[in-house]
Amino acid sequence: AAEPWPENAALYQQLKDEQILLSDNASSLAVQAFLQMCNLPIRVVCRANAEYMSPSGKVPFIHVGNQVVSELGPIVQFVKAKGHSLSDGLDEVQKAEMKAYMELVNNMLLTAELYLQWCDDATVEEITHPRYGSPYPWPLNRILSYQKQWEVRRKMKAIGWAGKTLDQVLEDVDQCCQALSQRLGTQPYFFNKQPTELDALVFGHLFTILTTQLITDELSEKVKNYSNLTAFCRRIEQQYFGGHDKDSSATATARSAKRSLLR
Amino acid sequence: QSLEPLPMSGPDFSALGEEAELVEVEPEAKQEILENKDVVVQHVHFDGLGRTKDDIIMYEIADVFKAKNLIDVMRKSHEAREKLLHLGIFRQVEVLIDTCQGDDALPNGLDVTFEVTELRRLTGSYNTMVGNNEGSMVLGLKFPNLFGRAEKVTFQFSYGTKETSYGLSFFKPQPGNFERNFSVNLYKVTGQFPWSSLRETDRGISTEFNLPIWKTNHTLKWEGVWRELGCLARTASFSVREESGHSLKSSLSHAMVIDSRSSSILPRRGALLKINQELAGYTGGDVSFLKEDFEFQLNKQLIWDSVFSASLWGGMLIPIGDKPSISFNCMFYLGGPTSVRGFSMYSIGPQSEGDYLGGEAYWAGGLHLYTPLPFRPGRGGFGDLFRTHFFLNAGNLCNLNYGDGPRAHLQKLAEYIRWSYGAGIVLRLGNIARLELNYCFPMAVQSGDRICDGVQFGAGIRFL
């Protein structure tokens with residue numbers, strides 16, 4: 001914990017162009033945004049087996065010195081132990097509120113992304129299966145994507161989302177965006193002047209939703225309904241990713257094979 | 001190392017010829033006449049055939065018809081009986097030789113009758129198995145002689161101290177030529193390798209042809225394996241973590257074995273040569289390499305019931321194409337009670353943070369002297385299963401720079417030779433395995449190797 005942040009810290013995710021899916025891309029972008037906001041340098045390494053390398057099975061994970069930490073929550077804790085924090089200035093009430101909104105994003109937005117990717121048959125056929133299995137030879141590509149699909153569907157059933165229709169899911173996304181939009185209001189960040197991990201998380205998900213090309217535009221339309229949210233995404237992109245070189249920025253993610261909505 | 005699916009080939013009975021004795025009949029004065037008397041085998045009867053098809057039986061007994069005198073008939077019948085038992089489809093075979101009765105009987109005609117009892121259609125079994133330093137409980141189901149021509153379907157489930165696995169196997173010999181056979185296997189094997197902090201699960205299918213040619217035995221095999229690697233502990237090194245994930249290997253391999261030893265565990269004389277090559281990547285999958293390895297052993301009996309044995313192992317792995325690295329579960333490993341003694345299991349060679357990664361080339365050699373126990377306790381009985389054992393082992397494991405020539409490779413392999421010497425006791429378990437308890441002195445230990453100096457225990461099938 002006492003060691004300073006090393007030069008060669010790395011963040012691992014799946015292959016950007018051919019393999020990574022919407023939900024994983026959003027999670028990875030959220031962590032990248034958080035580290036940018038803390039002013040901690042990190043380089044992004046793309047590996048086809050990133051999901052299996054991760055100690056928790058989820059991407060992204062960071063390799064800092066000898067430590068390997070995965071997912072935004074533990075990474076925030078890890079970075080705090082090294083003496084960097086974005087939410088120190090908040091009082092207890094605000095911290096509780098921030099946690100609540102982060103839970104909202106994880107339970108609503110992330111689950112909706114997973115639903116769309118793995119439970120909507122059209123999306124599964126056209127986008128998810130080809131992308132998820134792309135680094136592997138036949139028949140391993142089919143086996144792995146079916147295995148993952150079965151796993152996600154089982155999880156959906158456990159949390160009660162299996163019975164939902166796509167329209168209901170999109171409604172949930174809309175409600176979530178409404179809540180976020182109301183909280184954000186006209187402020188630059190959720191907690192007025194300074195960005196926190198909540199800003200990073202929301203940016204990660206909303207920006208990815210806005211800039212990812214799916215079969216239909218329905219998901220991104222829900223977000224576009226709230227102009228302060230799109231302005232928020234544009235602002236964060238310009239401030240934290242605009243001036244950097246292409247390979248590590250969010251704009252590169254947007255450019256590669258996906259439509260950028262904010263140009 | 002590689003995970004081997006459960007051995008599921010061929011018959012259960014021990015190899016023809018090892019303990020078999022030829023029936024010798026001492027000719028007495030009266031029987032001398034019989035020996036020189038010409039006989040003709042007129043009929044061969046079979047009692048007790050059920051689902052077994054006739055043609056496969058015909059091959060095995062064809063020789064009996066060619067016998068010319070009584071002793072010959074008895075010898076050939078005995079050989080036929082051995083061959084029938086070797087097929088693995090009969091529980092019991094009895095032979096009856098009698099003079100011919102009936103209208104067409106010749107004065108010197110003989111009838112040979114084989115009374116057989118077929119195995120049941122389904123048998124179950126429960127065994128315990130000792131592999132290389134681990135034990136397991138094996139449940140099996142067997143369908144012998146499924147379609148009447150000695151085909152066999154086996155299902156095995158093994159629950160062990162380190163791995164759990166199951167497998168389904170179909171075996172078919174060529175009628176008349178049992179040693180030529182093929183089998184198809186389906187398996188799932190899991191294993192844990194604490195020396196590399198690695199956990200591996202293999203699911204695969206393989207087809208295998210066995211062909212004896214002259215004195216050698218050749219095996220051709222195609223194998224498709226879905227391999228899944230994971231870290232065994234959170235503290236695994238990052239090099240191991242980077243290898244986690246899935247890969248598909250599709251490979252063709254060929255093995256040649258020449259074995260003239262008197263037994264496979266603690267032989268008294270004879271030699272063994274095994275050469276194995278494997279080519280992966282040209283039939284699908286995403287792993288490409290060429291792997292060669294060999295095993296050589298020579299045994300010679302000396303005075304006073306002692307045996308001198310020398311062995312040499314070696315191998316090389318060459319990646320093909322521009323895939324950056326070969327996942328190290330295809331690599332060679334060295335060290336341990338069954339390999340270079342005095343070192344911990346597979347703990348020689350390249351490593352990262354305490355996890356051993358294996359190497360692309362290796363060699364290992366051993367010189368052994370086996371003697372009976374001092375003062376020969378329990379002689380003639382239990383004591384014969386034990387031997388005292390003096391050994392000298394050496395070996396090296398490293399990665400090669402493929403750009404350099406063969407001279408550079410040999411130089412690299414000769415660079416940091418580890419060796420060890422010591423003595424101990426060996427216990428022979430049937431014809432399958434052996435246990436060793438040795439006191440070892442490891443020498444020329446390189447930094448990074450893990451040693452086990454002093455007392456080391458080993459159990460397994462294949463020892464250096």
# chains A, B, ... in the order shown; residues from 1 in each chain; ligands from 1
call {"tool": "residues_around", "arguments": {"residues": "stretch 246-260 of chain B", "least_positions_apart": "4", "cutoff": "8 Å", "atoms": "only C-alpha atoms", "output": "VMD selection string"}}
result
(chain A and resid 49 136 to 137 140) or (chain B and resid 215 to 229 270 to 288)
call {"tool": "select_by_dssp", "arguments": {"residues": "stretch 54-255 of chain A", "states": "strand (DSSP E)", "output": "list in words"}}
result
Phe61, Ile62, His63, Val64, Gln67, Val68, Val69 and Ser70 of chain A
call {"tool": "residues_around", "arguments": {"residues": "A:Ile127", "least_positions_apart": "5", "cutoff": "12 Å", "atoms": "only C-alpha atoms", "output": "VMD selection string"}}
result
chain A and resid 18 to 22 116 to 118 120 to 122 132 to 134 145 212 to 216
call {"tool": "write_last_selection", "arguments": {"atoms": "N, CA, C and O atoms", "output": "PDB file, in the first residue's frame"}}
result
ATOM      1  N   GLU A  18     -12.431  -6.632 -32.338  1.00  0.00           N
ATOM      2  CA  GLU A  18     -13.222  -7.775 -32.782  1.00  0.00           C
ATOM      3  C   GLU A  18     -14.010  -8.457 -31.688  1.00  0.00           C
ATOM      4  O   GLU A  18     -14.958  -9.168 -31.970  1.00  0.00           O
ATOM      5  N   GLN A  19     -13.578  -8.300 -30.434  1.00  0.00           N
ATOM      6  CA  GLN A  19     -14.094  -9.224 -29.443  1.00  0.00           C
ATOM      7  C   GLN A  19     -14.953  -8.588 -28.356  1.00  0.00           C
ATOM      8  O   GLN A  19     -15.966  -9.145 -27.967  1.00  0.00           O
ATOM      9  N   ILE A  20     -14.553  -7.424 -27.844  1.00  0.00           N
ATOM     10  CA  ILE A  20     -15.160  -6.932 -26.604  1.00  0.00           C
ATOM     11  C   ILE A  20     -16.631  -6.591 -26.811  1.00  0.00           C
ATOM     12  O   ILE A  20     -17.055  -6.163 -27.878  1.00  0.00           O
ATOM     13  N   LEU A  21     -17.427  -6.866 -25.790  1.00  0.00           N
ATOM     14  CA  LEU A  21     -18.857  -6.610 -25.862  1.00  0.00           C
ATOM     15  C   LEU A  21     -19.203  -5.311 -25.142  1.00  0.00           C
ATOM     16  O   LEU A  21     -18.411  -4.779 -24.370  1.00  0.00           O
ATOM     17  N   LEU A  22     -20.428  -4.880 -25.345  1.00  0.00           N
ATOM     18  CA  LEU A  22     -20.903  -3.599 -24.814  1.00  0.00           C
ATOM     19  C   LEU A  22     -20.679  -3.479 -23.308  1.00  0.00           C
ATOM     20  O   LEU A  22     -20.094  -2.507 -22.821  1.00  0.00           O
ATOM     21  N   LEU A 116     -29.571  -7.259 -23.122  1.00  0.00           N
ATOM     22  CA  LEU A 116     -29.608  -6.997 -24.559  1.00  0.00           C
ATOM     23  C   LEU A 116     -28.609  -7.884 -25.295  1.00  0.00           C
ATOM     24  O   LEU A 116     -28.888  -8.419 -26.351  1.00  0.00           O
ATOM     25  N   GLN A 117     -27.438  -8.046 -24.705  1.00  0.00           N
ATOM     26  CA  GLN A 117     -26.392  -8.823 -25.373  1.00  0.00           C
ATOM     27  C   GLN A 117     -26.696 -10.298 -25.421  1.00  0.00           C
ATOM     28  O   GLN A 117     -26.365 -10.977 -26.393  1.00  0.00           O
ATOM     29  N   TRP A 118     -27.234 -10.847 -24.345  1.00  0.00           N
ATOM     30  CA  TRP A 118     -27.304 -12.292 -24.233  1.00  0.00           C
ATOM     31  C   TRP A 118     -28.705 -12.866 -24.272  1.00  0.00           C
ATOM     32  O   TRP A 118     -28.871 -14.070 -24.449  1.00  0.00           O
ATOM     33  N   ASP A 120     -31.486 -11.173 -25.963  1.00  0.00           N
ATOM     34  CA  ASP A 120     -32.248 -10.757 -27.129  1.00  0.00           C
ATOM     35  C   ASP A 120     -31.733 -11.555 -28.325  1.00  0.00           C
ATOM     36  O   ASP A 120     -30.604 -11.365 -28.775  1.00  0.00           O
ATOM     37  N   ASP A 121     -32.556 -12.430 -28.839  1.00  0.00           N
ATOM     38  CA  ASP A 121     -32.077 -13.410 -29.814  1.00  0.00           C
ATOM     39  C   ASP A 121     -31.424 -12.793 -31.039  1.00  0.00           C
ATOM     40  O   ASP A 121     -30.413 -13.294 -31.532  1.00  0.00           O
ATOM     41  N   ALA A 122     -32.009 -11.705 -31.532  1.00  0.00           N
ATOM     42  CA  ALA A 122     -31.439 -11.095 -32.738  1.00  0.00           C
ATOM     43  C   ALA A 122     -30.029 -10.582 -32.476  1.00  0.00           C
ATOM     44  O   ALA A 122     -29.097 -10.815 -33.255  1.00  0.00           O
ATOM     45  N   TYR A 132     -17.925 -12.723 -29.446  1.00  0.00           N
ATOM     46  CA  TYR A 132     -17.400 -13.390 -28.253  1.00  0.00           C
ATOM     47  C   TYR A 132     -16.468 -14.545 -28.617  1.00  0.00           C
ATOM     48  O   TYR A 132     -15.469 -14.788 -27.952  1.00  0.00           O
ATOM     49  N   GLY A 133     -16.811 -15.258 -29.679  1.00  0.00           N
ATOM     50  CA  GLY A 133     -15.990 -16.421 -30.036  1.00  0.00           C
ATOM     51  C   GLY A 133     -14.908 -16.119 -31.048  1.00  0.00           C
ATOM     52  O   GLY A 133     -14.172 -17.022 -31.441  1.00  0.00           O
ATOM     53  N   SER A 134     -14.791 -14.858 -31.461  1.00  0.00           N
ATOM     54  CA  SER A 134     -13.901 -14.552 -32.594  1.00  0.00           C
ATOM     55  C   SER A 134     -12.441 -14.957 -32.413  1.00  0.00           C
ATOM     56  O   SER A 134     -11.815 -15.371 -33.375  1.00  0.00           O
ATOM     57  N   SER A 145     -19.227 -19.456 -26.497  1.00  0.00           N
ATOM     58  CA  SER A 145     -20.306 -18.462 -26.430  1.00  0.00           C
ATOM     59  C   SER A 145     -21.607 -19.072 -25.938  1.00  0.00           C
ATOM     60  O   SER A 145     -22.361 -18.408 -25.227  1.00  0.00           O
ATOM     61  N   THR A 212     -22.018   2.846 -29.343  1.00  0.00           N
ATOM     62  CA  THR A 212     -21.910   1.477 -29.849  1.00  0.00           C
ATOM     63  C   THR A 212     -23.024   1.192 -30.829  1.00  0.00           C
ATOM     64  O   THR A 212     -24.200   1.455 -30.557  1.00  0.00           O
ATOM     65  N   GLN A 213     -22.650   0.631 -31.934  1.00  0.00           N
ATOM     66  CA  GLN A 213     -23.632   0.336 -32.958  1.00  0.00           C
ATOM     67  C   GLN A 213     -24.226  -1.035 -32.699  1.00  0.00           C
ATOM     68  O   GLN A 213     -23.521  -2.045 -32.725  1.00  0.00           O
ATOM     69  N   LEU A 214     -25.533  -1.028 -32.433  1.00  0.00           N
ATOM     70  CA  LEU A 214     -26.219  -2.309 -32.244  1.00  0.00           C
ATOM     71  C   LEU A 214     -27.180  -2.517 -33.407  1.00  0.00           C
ATOM     72  O   LEU A 214     -27.135  -1.784 -34.383  1.00  0.00           O
ATOM     73  N   ILE A 215     -28.057  -3.472 -33.269  1.00  0.00           N
ATOM     74  CA  ILE A 215     -28.999  -3.718 -34.359  1.00  0.00           C
ATOM     75  C   ILE A 215     -29.961  -2.540 -34.527  1.00  0.00           C
ATOM     76  O   ILE A 215     -30.248  -2.104 -35.622  1.00  0.00           O
ATOM     77  N   THR A 216     -30.450  -2.055 -33.394  1.00  0.00           N
ATOM     78  CA  THR A 216     -31.335  -0.885 -33.472  1.00  0.00           C
ATOM     79  C   THR A 216     -30.770   0.224 -32.607  1.00  0.00           C
ATOM     80  O   THR A 216     -29.864   0.002 -31.803  1.00  0.00           O
TER      81      THR A 216
END
call {"tool": "closest_residue", "arguments": {"among": "B:Val445, B:Ala408, B:Ala62, B:Ile461", "to": "B:Leu427", "atoms": "only C-alpha atoms"}}
result
B:Ile461
call {"tool": "residues_around", "arguments": {"residues": "stretch 30-37 of chain A", "least_positions_apart": "3", "cutoff": "10 Å", "atoms": "only C-alpha atoms", "output": "PyMOL selection string"}}
result
chain A and resi 11+24-27+40-44+59-62+70-73+75-76+79+84-86+194-208+236-237+239-241+248-250
call {"tool": "closest_atom_pairs", "arguments": {"of": "chain A", "to": "chain B", "cutoff": "10 Å", "atoms": "only C-alpha atoms", "output": "CSV"}}
result
residue,atom,partner,partner_atom,distance
A:Arg47,CA,B:Glu242,CA,9.0
A:Ala48,CA,B:Gly245,CA,8.8
A:Asn49,CA,B:Gly245,CA,5.5
A:Ala50,CA,B:Glu242,CA,8.2
A:Glu51,CA,B:Gly245,CA,8.0
A:Tyr52,CA,B:Gly245,CA,5.0
A:Met53,CA,B:Ser244,CA,5.4
A:Ser54,CA,B:Arg241,CA,8.1
A:Pro55,CA,B:Arg234,CA,7.0
A:Ser56,CA,B:Arg234,CA,10.0
A:His63,CA,B:Phe238,CA,8.9
A:Asn66,CA,B:Phe238,CA,8.3
A:Gln67,CA,B:Phe238,CA,9.3
A:Val68,CA,B:Phe238,CA,8.7
A:Pro135,CA,B:Asp286,CA,9.4
A:Tyr136,CA,B:Asp286,CA,7.3
A:Pro137,CA,B:Gly285,CA,5.7
A:Trp138,CA,B:Gly285,CA,7.4
A:Pro139,CA,B:Gly285,CA,8.7
A:Leu140,CA,B:Leu248,CA,6.9
A:Asn141,CA,B:Leu248,CA,9.9
A:Ile143,CA,B:Trp226,CA,10.0
A:Leu144,CA,B:His246,CA,8.8
call {"tool": "select_by_dssp", "arguments": {"residues": "stretch 62-143 of chain A", "states": "helix (DSSP H, G or I)", "output": "PyMOL selection string"}}
result
chain A and resi 72-81+92-119+121-132+140-143
call {"tool": "atom_distance", "arguments": {"atom1": "atom CA of B:Ser183", "atom2": "atom CA of B:Val130"}}
result
23.7 Å
call {"tool": "residues_around", "arguments": {"residues": "B:Ser309", "least_positions_apart": "2", "cutoff": "6 Å", "atoms": "only C-alpha atoms", "output": "short mmCIF file (atom, residue, chain, number, x, y, z; two decimals) with N, CA and C atoms, in the first residue's frame"}}
result
data_model
loop_
_atom_site.label_atom_id
_atom_site.label_comp_id
_atom_site.auth_asym_id
_atom_site.auth_seq_id
_atom_site.Cartn_x
_atom_site.Cartn_y
_atom_site.Cartn_z
N LEU B 298 18.17 -49.80 -20.65
CA LEU B 298 18.93 -51.03 -20.89
C LEU B 298 19.16 -51.71 -19.55
N ASN B 299 18.92 -53.00 -19.49
CA ASN B 299 19.09 -53.73 -18.22
C ASN B 299 19.98 -54.92 -18.43
N LEU B 367 21.68 -44.03 -13.91
CA LEU B 367 22.39 -45.30 -13.80
C LEU B 367 21.96 -45.92 -12.48
N HIS B 368 21.54 -47.17 -12.53
CA HIS B 368 21.03 -47.81 -11.32
C HIS B 368 21.67 -49.16 -11.12
#
call {"tool": "atom_distance", "arguments": {"atom1": "atom CA of B:Lys53", "atom2": "atom CA of B:Gly167"}}
result
27.7 Å
call {"tool": "residues_around", "arguments": {"residues": "B:Asn399", "least_positions_apart": "3", "cutoff": "7 Å", "atoms": "only C-alpha atoms", "output": "JSON, numbers by chain"}}
result
{"B": [359, 360, 361]}
call {"tool": "atom_distance", "arguments": {"atom1": "atom CA of B:Ser196", "atom2": "atom CA of B:Gly395"}}
result
19.5 Å
call {"tool": "residues_around", "arguments": {"residues": "B:Leu392", "least_positions_apart": "5", "cutoff": "12 Å", "atoms": "only C-alpha atoms", "output": "list in words"}}
result
Phe308, Ser309, Ala310, Ser311, Leu312, Ser339, Val340, Arg341, Gly342, Ala364, Gly365, Gly366, Leu367, His368, Leu369, Arg418, Trp419, Ser420, Tyr421, Gly422, Ala423, Gly424, Asn438, Tyr439, Cys440, Phe441, Pro442, Met443 and Leu464 of chain B
